[in-house]
$ cat structure13.pdb   # PDB, C-alpha atoms and all ligand atoms
ATOM      1  CA  MET A  10     -76.389   4.835 -26.281
ATOM      2  CA  GLU A  11     -78.485   4.514 -23.150
ATOM      3  CA  LYS A  12     -77.088   1.131 -22.422
ATOM      4  CA  GLY A  13     -73.632   2.555 -22.752
ATOM      5  CA  GLU A  14     -74.398   5.313 -20.249
ATOM      6  CA  LEU A  15     -75.833   2.859 -17.772
ATOM      7  CA  SER A  16     -72.821   0.677 -17.798
ATOM      8  CA  ARG A  17     -70.667   3.750 -17.449
ATOM      9  CA  GLU A  18     -72.627   4.694 -14.336
ATOM     10  CA  ALA A  19     -72.179   1.194 -12.972
ATOM     11  CA  PHE A  20     -68.513   1.437 -13.771
ATOM     12  CA  MET A  21     -68.251   4.720 -11.850
ATOM     13  CA  GLN A  22     -70.010   3.103  -8.881
ATOM     14  CA  ASP A  23     -67.463   0.334  -8.881
ATOM     15  CA  ILE A  24     -64.608   2.815  -9.088
ATOM     16  CA  LEU A  25     -65.991   4.751  -6.137
ATOM     17  CA  LYS A  26     -66.377   1.558  -4.118
ATOM     18  CA  ILE A  27     -62.835   0.476  -4.857
ATOM     19  CA  THR A  28     -61.421   3.920  -4.179
ATOM     20  CA  GLY A  29     -63.303   4.030  -0.885
ATOM     21  CA  THR A  30     -61.792   0.705   0.141
ATOM     22  CA  ILE A  31     -58.282   1.828  -0.763
ATOM     23  CA  VAL A  32     -58.677   5.087   1.142
ATOM     24  CA  ASP A  33     -59.988   3.268   4.218
ATOM     25  CA  ARG A  34     -57.174   0.769   4.096
ATOM     26  CA  ALA A  35     -54.551   3.483   3.738
ATOM     27  CA  LYS A  36     -56.071   5.326   6.692
ATOM     28  CA  ASN A  37     -55.960   2.270   8.921
ATOM     29  CA  TYR A  38     -52.466   1.427   7.784
ATOM     30  CA  THR A  39     -51.242   4.907   8.626
ATOM     31  CA  GLU A  40     -52.892   4.964  12.015
ATOM     32  CA  ASP A  41     -52.114   1.431  13.119
ATOM     33  CA  THR A  42     -48.709   0.553  11.808
ATOM     34  CA  ILE A  43     -46.728   3.716  11.110
ATOM     35  CA  PRO A  44     -46.353   5.739  14.294
ATOM     36  CA  GLY A  45     -43.692   7.953  12.756
ATOM     37  CA  ASP A  46     -41.920   8.611   9.503
ATOM     38  CA  TYR A  47     -39.576   5.618   9.684
ATOM     39  CA  ALA A  48     -37.694   3.938   6.909
ATOM     40  CA  THR A  49     -37.945   0.350   5.743
ATOM     41  CA  LEU A  50     -34.592  -0.804   4.439
ATOM     42  CA  LYS A  51     -34.179  -2.301   0.989
ATOM     43  CA  THR A  52     -31.356  -4.476   2.258
ATOM     44  CA  PRO A  53     -32.499  -7.595   4.126
ATOM     45  CA  CYS A  54     -31.401  -8.586   7.621
ATOM     46  CA  PRO A  55     -27.811  -9.947   7.540
ATOM     47  CA  SER A  56     -28.750 -12.610  10.112
ATOM     48  CA  CYS A  57     -31.995 -14.039   8.743
ATOM     49  CA  GLY A  58     -32.833 -12.225   5.499
ATOM     50  CA  ALA A  59     -36.080 -10.675   6.778
ATOM     51  CA  VAL A  60     -37.091  -7.028   6.452
ATOM     52  CA  VAL A  61     -35.239  -4.458   8.564
ATOM     53  CA  LYS A  62     -37.134  -1.390   9.739
ATOM     54  CA  GLU A  63     -36.221   1.782  11.495
ATOM     55  CA  ASN A  64     -37.903   2.474  14.824
ATOM     56  CA  TYR A  65     -37.452   5.420  17.099
ATOM     57  CA  ARG A  66     -34.158   4.176  18.542
ATOM     58  CA  ARG A  67     -32.751   1.535  16.251
ATOM     59  CA  PHE A  68     -32.714  -0.200  12.899
ATOM     60  CA  ALA A  69     -34.202  -3.562  13.794
ATOM     61  CA  CYS A  70     -35.082  -6.808  12.035
ATOM     62  CA  THR A  71     -38.787  -7.605  11.981
ATOM     63  CA  GLN A  72     -38.086 -11.332  12.552
ATOM     64  CA  CYS A  73     -34.982 -11.839  14.663
ATOM     65  CA  GLU A  74     -32.868 -10.152  17.320
ATOM     66  CA  PHE A  75     -30.708  -8.202  14.888
ATOM     67  CA  SER A  76     -30.659  -4.466  15.508
ATOM     68  CA  ILE A  77     -28.170  -1.616  15.439
ATOM     69  CA  SER A  78     -28.151   1.837  16.986
ATOM     70  CA  LYS A  79     -29.378   4.763  14.902
ATOM     71  CA  VAL A  80     -26.816   7.077  16.437
ATOM     72  CA  PRO A  81     -23.579   5.135  16.992
ATOM     73  CA  GLY A  82     -20.951   7.318  18.658
ATOM     74  CA  GLY A  83     -23.415  10.196  18.815
ATOM     75  CA  ARG A  84     -23.611  10.434  15.027
ATOM     76  CA  ALA A  85     -26.958   9.787  13.294
ATOM     77  CA  PHE A  86     -26.921   7.235  10.492
ATOM     78  CA  GLU A  87     -28.179   8.178   7.044
ATOM     79  CA  VAL A  88     -30.431   5.437   5.653
ATOM     80  CA  PRO A  89     -28.156   4.831   2.606
ATOM     81  CA  GLU A  90     -25.230   4.339   5.026
ATOM     82  CA  VAL A  91     -27.128   1.606   6.848
ATOM     83  CA  GLU A  92     -27.989  -0.050   3.534
ATOM     84  CA  THR A  93     -24.294  -0.060   2.627
ATOM     85  CA  LEU A  94     -23.311  -1.352   6.057
ATOM     86  CA  LEU A  95     -25.721  -4.289   5.783
ATOM     87  CA  THR A  96     -24.580  -5.097   2.245
ATOM     88  CA  GLU A  97     -20.817  -4.667   2.684
ATOM     89  CA  CYS A  98     -20.590  -5.339   6.449
ATOM     90  CA  GLU A  99     -18.373  -2.249   6.564
ATOM     91  CA  LEU A 100     -18.548   1.488   5.969
ATOM     92  CA  PRO A 101     -15.642   3.587   4.752
ATOM     93  CA  LEU A 102     -14.040   5.990   7.228
ATOM     94  CA  LEU A 103     -16.621   8.420   8.575
ATOM     95  CA  ASP A 104     -16.074  11.396  10.824
ATOM     96  CA  GLY A 105     -18.468  13.290  13.039
ATOM     97  CA  PHE A 106     -18.463  10.758  15.894
ATOM     98  CA  ARG A 107     -18.033  11.906  19.452
ATOM     99  CA  SER A 108     -16.391  10.055  22.292
ATOM    100  CA  LYS A 109     -17.924   9.945  25.778
ATOM    101  CA  MET A 110     -15.578  12.817  26.642
ATOM    102  CA  GLY A 111     -16.997  14.816  23.735
ATOM    103  CA  ARG A 112     -13.911  14.536  21.598
ATOM    104  CA  PRO A 113     -14.715  14.241  17.847
ATOM    105  CA  PHE A 114     -13.282  11.217  16.094
ATOM    106  CA  ALA A 115     -13.366   9.365  12.803
ATOM    107  CA  ALA A 116     -13.786   5.619  12.548
ATOM    108  CA  VAL A 117     -14.666   2.746  10.294
ATOM    109  CA  LEU A 118     -17.898   1.020  11.269
ATOM    110  CA  ARG A 119     -18.367  -2.645  10.616
ATOM    111  CA  LEU A 120     -20.582  -5.559  11.434
ATOM    112  CA  SER A 121     -18.875  -8.320  13.386
ATOM    113  CA  LYS A 122     -19.361 -12.017  12.607
ATOM    114  CA  GLU A 123     -22.219 -11.944  15.104
ATOM    115  CA  ASN A 124     -23.702  -8.967  13.207
ATOM    116  CA  LYS A 125     -22.970  -6.561  16.037
ATOM    117  CA  LEU A 126     -22.008  -3.001  15.197
ATOM    118  CA  GLU A 127     -18.355  -2.285  15.932
ATOM    119  CA  PHE A 128     -16.012   0.654  15.676
ATOM    120  CA  ASP A 129     -12.721  -0.004  13.998
ATOM    121  CA  PHE A 130     -10.114   2.535  15.014
ATOM    122  CA  GLY A 131      -7.531   1.009  12.753
ATOM    123  CA  GLN A 132      -5.504  -0.972  15.274
ATOM    124  CA  GLY A 133      -2.932  -2.932  13.391
ATOM    125  CA  ASN A 134      -2.563  -0.241  10.772
ATOM    126  CA  GLU A 135      -0.061   1.590  12.907
ATOM    127  CA  ASP A 136       2.812  -0.585  11.824
ATOM    128  CA  ASP A 137       1.915  -0.157   8.189
ATOM    129  CA  GLU A 138       1.754   3.589   8.429
ATOM    130  CA  ALA A 139       4.728   4.207  10.671
ATOM    131  CA  GLU A 140       7.865   5.211   8.870
ATOM    132  CA  PHE A 141      10.823   3.169   9.950
ATOM    133  CA  ASP A 142      14.106   4.688   9.014
ATOM    134  CA  PHE A 143      16.996   2.429   9.843
ATOM    135  CA  SER A 144      19.550   4.322   7.786
ATOM    136  CA  ASP A 145      21.440   5.663  10.810
ATOM    137  CA  GLN A 146      20.998   2.539  12.881
ATOM    138  CA  GLU A 147      23.344  -0.376  13.079
ATOM    139  CA  SER A 148      21.904  -3.752  12.178
ATOM    140  CA  ILE A 149      22.116  -6.402  14.872
ATOM    141  CA  GLY A 150      22.604  -9.048  12.233
ATOM    142  CA  PRO A 151      21.174 -10.723   9.161
ATOM    143  CA  CYS A 152      17.568 -11.952   9.098
ATOM    144  CA  PRO A 153      17.474 -15.766   9.500
ATOM    145  CA  LYS A 154      14.551 -15.875   7.070
ATOM    146  CA  CYS A 155      15.495 -13.587   4.208
ATOM    147  CA  ALA A 156      19.057 -12.415   5.011
ATOM    148  CA  ALA A 157      18.071  -8.734   5.036
ATOM    149  CA  SER A 158      19.181  -6.695   8.050
ATOM    150  CA  VAL A 159      17.534  -6.999  11.456
ATOM    151  CA  TYR A 160      17.164  -3.862  13.547
ATOM    152  CA  GLU A 161      16.141  -3.046  17.071
ATOM    153  CA  ILE A 162      13.028  -0.917  17.673
ATOM    154  CA  PRO A 163      11.692  -0.038  21.160
ATOM    155  CA  THR A 164       9.683  -3.223  21.677
ATOM    156  CA  HIS A 165      10.873  -5.598  18.984
ATOM    157  CA  TYR A 166      13.694  -6.885  16.833
ATOM    158  CA  VAL A 167      12.450  -6.653  13.265
ATOM    159  CA  CYS A 168      13.674  -7.525   9.819
ATOM    160  CA  GLU A 169      13.902  -4.390   7.652
ATOM    161  CA  LYS A 170      11.667  -6.223   5.154
ATOM    162  CA  ALA A 171       8.979  -6.882   7.796
ATOM    163  CA  VAL A 172       7.952  -3.240   8.260
ATOM    164  CA  GLY A 173       6.814  -0.415   6.047
ATOM    165  CA  PRO A 174       4.718  -0.530   2.895
ATOM    166  CA  ALA A 175       6.784  -3.124   0.975
ATOM    167  CA  LYS A 176       6.568  -5.971   3.467
ATOM    168  CA  ASN A 177       7.865  -9.297   2.296
ATOM    169  CA  CYS A 178       9.206 -10.867   5.474
ATOM    170  CA  GLU A 179       7.490 -11.758   8.745
ATOM    171  CA  LEU A 180      10.433 -11.627  11.113
ATOM    172  CA  SER A 181       9.476  -9.639  14.188
ATOM    173  CA  LEU A 182      10.521 -10.746  17.655
ATOM    174  CA  GLY A 183       8.999  -9.144  20.740
ATOM    175  CA  LYS A 184      11.669  -8.352  23.325
ATOM    176  CA  ASN A 185       9.378  -9.632  26.068
ATOM    177  CA  ASP A 186       9.002 -12.936  24.270
ATOM    178  CA  ILE A 187      12.758 -13.293  24.042
ATOM    179  CA  ALA A 188      13.195 -12.383  27.694
ATOM    180  CA  ALA A 189      10.547 -14.927  28.661
ATOM    181  CA  ALA A 190      12.286 -17.654  26.660
ATOM    182  CA  HIS A 191      15.543 -17.189  28.607
TER     183      HIS A 191
HETATM  184 ZN    ZN B   1     -33.276 -10.926  11.071
HETATM  185 ZN    ZN B   2      13.597 -10.983   6.859
END
$ encode --input "structure13.pdb" --output "structure tokens" --more "lines below"
Ligand SMILES: [Zn+2]
Ligand SMILES: [Zn+2]
Amino acid sequence: MEKGELSREAFMQDILKITGTIVDRAKNYTEDTIPGDYATLKTPCPSCGAVVKENYRRFACTQCEFSISKVPGGRAFEVPEVETLLTECELPLLDGFRSKMGRPFAAVLRLSKENKLEFDFGQGNEDDEAEFDFSDQESIGPCPKCAASVYEIPTHYVCEKAVGPAKNCELSLGKNDIAAAH
């Protein structure tokens, strides 16, 4: 019995010692290395695979030069958004951005090949989304590639199959290019 109590006392001493050490360590850790309530990302750095941490201005790699703004376009990132960006190299269309003139806008954010943060305003999508209606226009001739009809639009001569959602021809000739060739 007595022996048992003694060892229990010793055990409690050990516990107190260990607890004291843990508390001290936690204290130092808090004071020395965490100046604010900043996140450490679960997703590793896309450049070097090291840990990425938030600091007061940016999300930055702890090992290399990689870092991105915390408030691109005046809109603050949510941590899960940054995780997705680093994993997928792209975020779906987000709104809430503001231009330098204060105009709100929506954009797709992506990481370039150099792992720089870029806005994608959807250039190149315009042709896909624009509705071309050639029904009241006279064709200038058959397409040399697919024999569908070629029409004139303000800047180009295009095959009717080279525009719109069901593209299956590439024929599109810039008028400037043609002028330059003559
Ligand atoms: Zn890195
Ligand atoms: Zn064609």
$ resolve_selection --input "structure13.pdb" --expression "the PyMOL selection byres (((chain A and resi 101) around 8) and not hetatm)" --output "PDB file with C-alpha atoms, keeping the file's coordinate frame"
ATOM      1  CA  GLU A  99     -18.373  -2.249   6.564  1.00  0.00           C
ATOM      2  CA  LEU A 100     -18.548   1.488   5.969  1.00  0.00           C
ATOM      3  CA  LEU A 102     -14.040   5.990   7.228  1.00  0.00           C
ATOM      4  CA  LEU A 103     -16.621   8.420   8.575  1.00  0.00           C
ATOM      5  CA  VAL A 117     -14.666   2.746  10.294  1.00  0.00           C
ATOM      6  CA  LEU A 118     -17.898   1.020  11.269  1.00  0.00           C
TER       7      LEU A 118
END
$ resolve_selection --input "structure13.pdb" --expression "the PyMOL selection byres (((not hetatm)) within 10 of (chain B and resi 2))" --output "CSV table (one decimal) with C-alpha atoms, in the frame of the given file"
chain,number,residue,atom,x,y,z
A,151,PRO,CA,21.2,-10.7,9.2
A,152,CYS,CA,17.6,-12.0,9.1
A,153,PRO,CA,17.5,-15.8,9.5
A,154,LYS,CA,14.6,-15.9,7.1
A,155,CYS,CA,15.5,-13.6,4.2
A,156,ALA,CA,19.1,-12.4,5.0
A,157,ALA,CA,18.1,-8.7,5.0
A,158,SER,CA,19.2,-6.7,8.0
A,159,VAL,CA,17.5,-7.0,11.5
A,167,VAL,CA,12.4,-6.7,13.3
A,168,CYS,CA,13.7,-7.5,9.8
A,169,GLU,CA,13.9,-4.4,7.7
A,170,LYS,CA,11.7,-6.2,5.2
A,171,ALA,CA,9.0,-6.9,7.8
A,172,VAL,CA,8.0,-3.2,8.3
A,176,LYS,CA,6.6,-6.0,3.5
A,177,ASN,CA,7.9,-9.3,2.3
A,178,CYS,CA,9.2,-10.9,5.5
A,179,GLU,CA,7.5,-11.8,8.7
A,180,LEU,CA,10.4,-11.6,11.1
A,181,SER,CA,9.5,-9.6,14.2
$ resolve_selection --input "structure13.pdb" --expression "the PyMOL selection byres (((not hetatm)) within 8 of (chain B and resi 1))" --output "PyMOL selection string"
chain A and resi 53-61+69-75
$ write_last_selection --input "structure13.pdb" --atoms "C-alpha atoms" --output "mmCIF file, keeping the file's coordinate frame"
data_model
loop_
_atom_site.group_PDB
_atom_site.id
_atom_site.type_symbol
_atom_site.label_atom_id
_atom_site.label_comp_id
_atom_site.auth_asym_id
_atom_site.auth_seq_id
_atom_site.Cartn_x
_atom_site.Cartn_y
_atom_site.Cartn_z
ATOM 1 C CA PRO A 53 -32.499 -7.595 4.126
ATOM 2 C CA CYS A 54 -31.401 -8.586 7.621
ATOM 3 C CA PRO A 55 -27.811 -9.947 7.540
ATOM 4 C CA SER A 56 -28.750 -12.610 10.112
ATOM 5 C CA CYS A 57 -31.995 -14.039 8.743
ATOM 6 C CA GLY A 58 -32.833 -12.225 5.499
ATOM 7 C CA ALA A 59 -36.080 -10.675 6.778
ATOM 8 C CA VAL A 60 -37.091 -7.028 6.452
ATOM 9 C CA VAL A 61 -35.239 -4.458 8.564
ATOM 10 C CA ALA A 69 -34.202 -3.562 13.794
ATOM 11 C CA CYS A 70 -35.082 -6.808 12.035
ATOM 12 C CA THR A 71 -38.787 -7.605 11.981
ATOM 13 C CA GLN A 72 -38.086 -11.332 12.552
ATOM 14 C CA CYS A 73 -34.982 -11.839 14.663
ATOM 15 C CA GLU A 74 -32.868 -10.152 17.320
ATOM 16 C CA PHE A 75 -30.708 -8.202 14.888
#
$ atom_distance --input "structure13.pdb" --atom1 "CA of Thr164 (chain A)" --atom2 "CA of Gly150 (chain A)"
17.0 Å
$ closest_residue --input "structure13.pdb" --among "A:Ala48, A:Glu87, A:Glu147, A:Pro81" --to "Phe114 (chain A)" --atoms "only C-alpha atoms"
A:Pro81
$ closest_residue --input "structure13.pdb" --among "A:Ser144, A:Thr49, A:Thr93, A:Ser76" --to "Asn124 (chain A)" --atoms "all atoms listed in the file"
A:Ser76
$ residues_near_point --input "structure13.pdb" --point "(-16.8, 11.8, 17.3)" --cutoff "9 Å" --atoms "all atoms listed in the file" --output "ChimeraX atom specification"
/A:82-84,104-109,111-116
$ residues_around --input "structure13.pdb" --residues "Ser121 (chain A)" --least-positions-apart "5" --cutoff "10 Å" --atoms "all atoms listed in the file" --output "list in words"
Cys98, Glu99, Leu126, Glu127 and Phe128 of chain A
$ build_atoms --input "structure13.pdb" --residues "region 140-159 of chain A" --atoms "N, CA and C atoms" --output "mmCIF file, in the coordinates of the input"
data_model
loop_
_atom_site.group_PDB
_atom_site.id
_atom_site.type_symbol
_atom_site.label_atom_id
_atom_site.label_comp_id
_atom_site.auth_asym_id
_atom_site.auth_seq_id
_atom_site.Cartn_x
_atom_site.Cartn_y
_atom_site.Cartn_z
ATOM 1 N N GLU A 140 6.678 5.190 9.710
ATOM 2 C CA GLU A 140 7.865 5.211 8.870
ATOM 3 C C GLU A 140 9.040 4.713 9.689
ATOM 4 N N PHE A 141 9.622 3.639 9.280
ATOM 5 C CA PHE A 141 10.823 3.169 9.950
ATOM 6 C C PHE A 141 12.016 3.569 9.106
ATOM 7 N N ASP A 142 12.894 4.293 9.723
ATOM 8 C CA ASP A 142 14.106 4.688 9.014
ATOM 9 C C ASP A 142 15.304 4.119 9.755
ATOM 10 N N PHE A 143 15.884 3.103 9.181
ATOM 11 C CA PHE A 143 16.996 2.429 9.843
ATOM 12 C C PHE A 143 18.349 2.901 9.324
ATOM 13 N N SER A 144 18.328 3.956 8.500
ATOM 14 C CA SER A 144 19.550 4.322 7.786
ATOM 15 C C SER A 144 20.690 4.723 8.726
ATOM 16 N N ASP A 145 20.349 5.282 9.910
ATOM 17 C CA ASP A 145 21.440 5.663 10.810
ATOM 18 C C ASP A 145 21.536 4.706 11.996
ATOM 19 N N GLN A 146 20.974 3.516 11.808
ATOM 20 C CA GLN A 146 20.998 2.539 12.881
ATOM 21 C C GLN A 146 21.840 1.350 12.463
ATOM 22 N N GLU A 147 22.499 0.762 13.429
ATOM 23 C CA GLU A 147 23.344 -0.376 13.079
ATOM 24 C C GLU A 147 22.538 -1.659 13.180
ATOM 25 N N SER A 148 22.612 -2.477 12.157
ATOM 26 C CA SER A 148 21.904 -3.752 12.178
ATOM 27 C C SER A 148 22.478 -4.652 13.260
ATOM 28 N N ILE A 149 21.612 -5.455 13.886
ATOM 29 C CA ILE A 149 22.116 -6.402 14.872
ATOM 30 C C ILE A 149 22.452 -7.745 14.223
ATOM 31 N N GLY A 150 22.219 -7.818 12.917
ATOM 32 C CA GLY A 150 22.604 -9.048 12.233
ATOM 33 C C GLY A 150 21.688 -9.347 11.073
ATOM 34 N N PRO A 151 22.012 -10.378 10.307
ATOM 35 C CA PRO A 151 21.174 -10.723 9.161
ATOM 36 C C PRO A 151 19.912 -11.472 9.592
ATOM 37 N N CYS A 152 18.824 -11.269 8.818
ATOM 38 C CA CYS A 152 17.568 -11.952 9.098
ATOM 39 C C CYS A 152 17.726 -13.444 8.809
ATOM 40 N N PRO A 153 17.359 -14.324 9.744
ATOM 41 C CA PRO A 153 17.474 -15.766 9.500
ATOM 42 C C PRO A 153 16.517 -16.256 8.404
ATOM 43 N N LYS A 154 15.509 -15.430 8.089
ATOM 44 C CA LYS A 154 14.551 -15.875 7.070
ATOM 45 C C LYS A 154 14.925 -15.403 5.676
ATOM 46 N N CYS A 155 15.301 -14.116 5.559
ATOM 47 C CA CYS A 155 15.495 -13.587 4.208
ATOM 48 C C CYS A 155 16.867 -12.946 4.024
ATOM 49 N N ALA A 156 17.692 -12.935 5.083
ATOM 50 C CA ALA A 156 19.057 -12.415 5.011
ATOM 51 C C ALA A 156 19.147 -10.904 4.894
ATOM 52 N N ALA A 157 18.008 -10.191 4.948
ATOM 53 C CA ALA A 157 18.071 -8.734 5.036
ATOM 54 C C ALA A 157 18.522 -8.371 6.455
ATOM 55 N N SER A 158 18.652 -7.093 6.749
ATOM 56 C CA SER A 158 19.181 -6.695 8.050
ATOM 57 C C SER A 158 18.096 -6.646 9.114
ATOM 58 N N VAL A 159 18.455 -7.076 10.319
ATOM 59 C CA VAL A 159 17.534 -6.999 11.456
ATOM 60 C C VAL A 159 17.927 -5.819 12.328
#
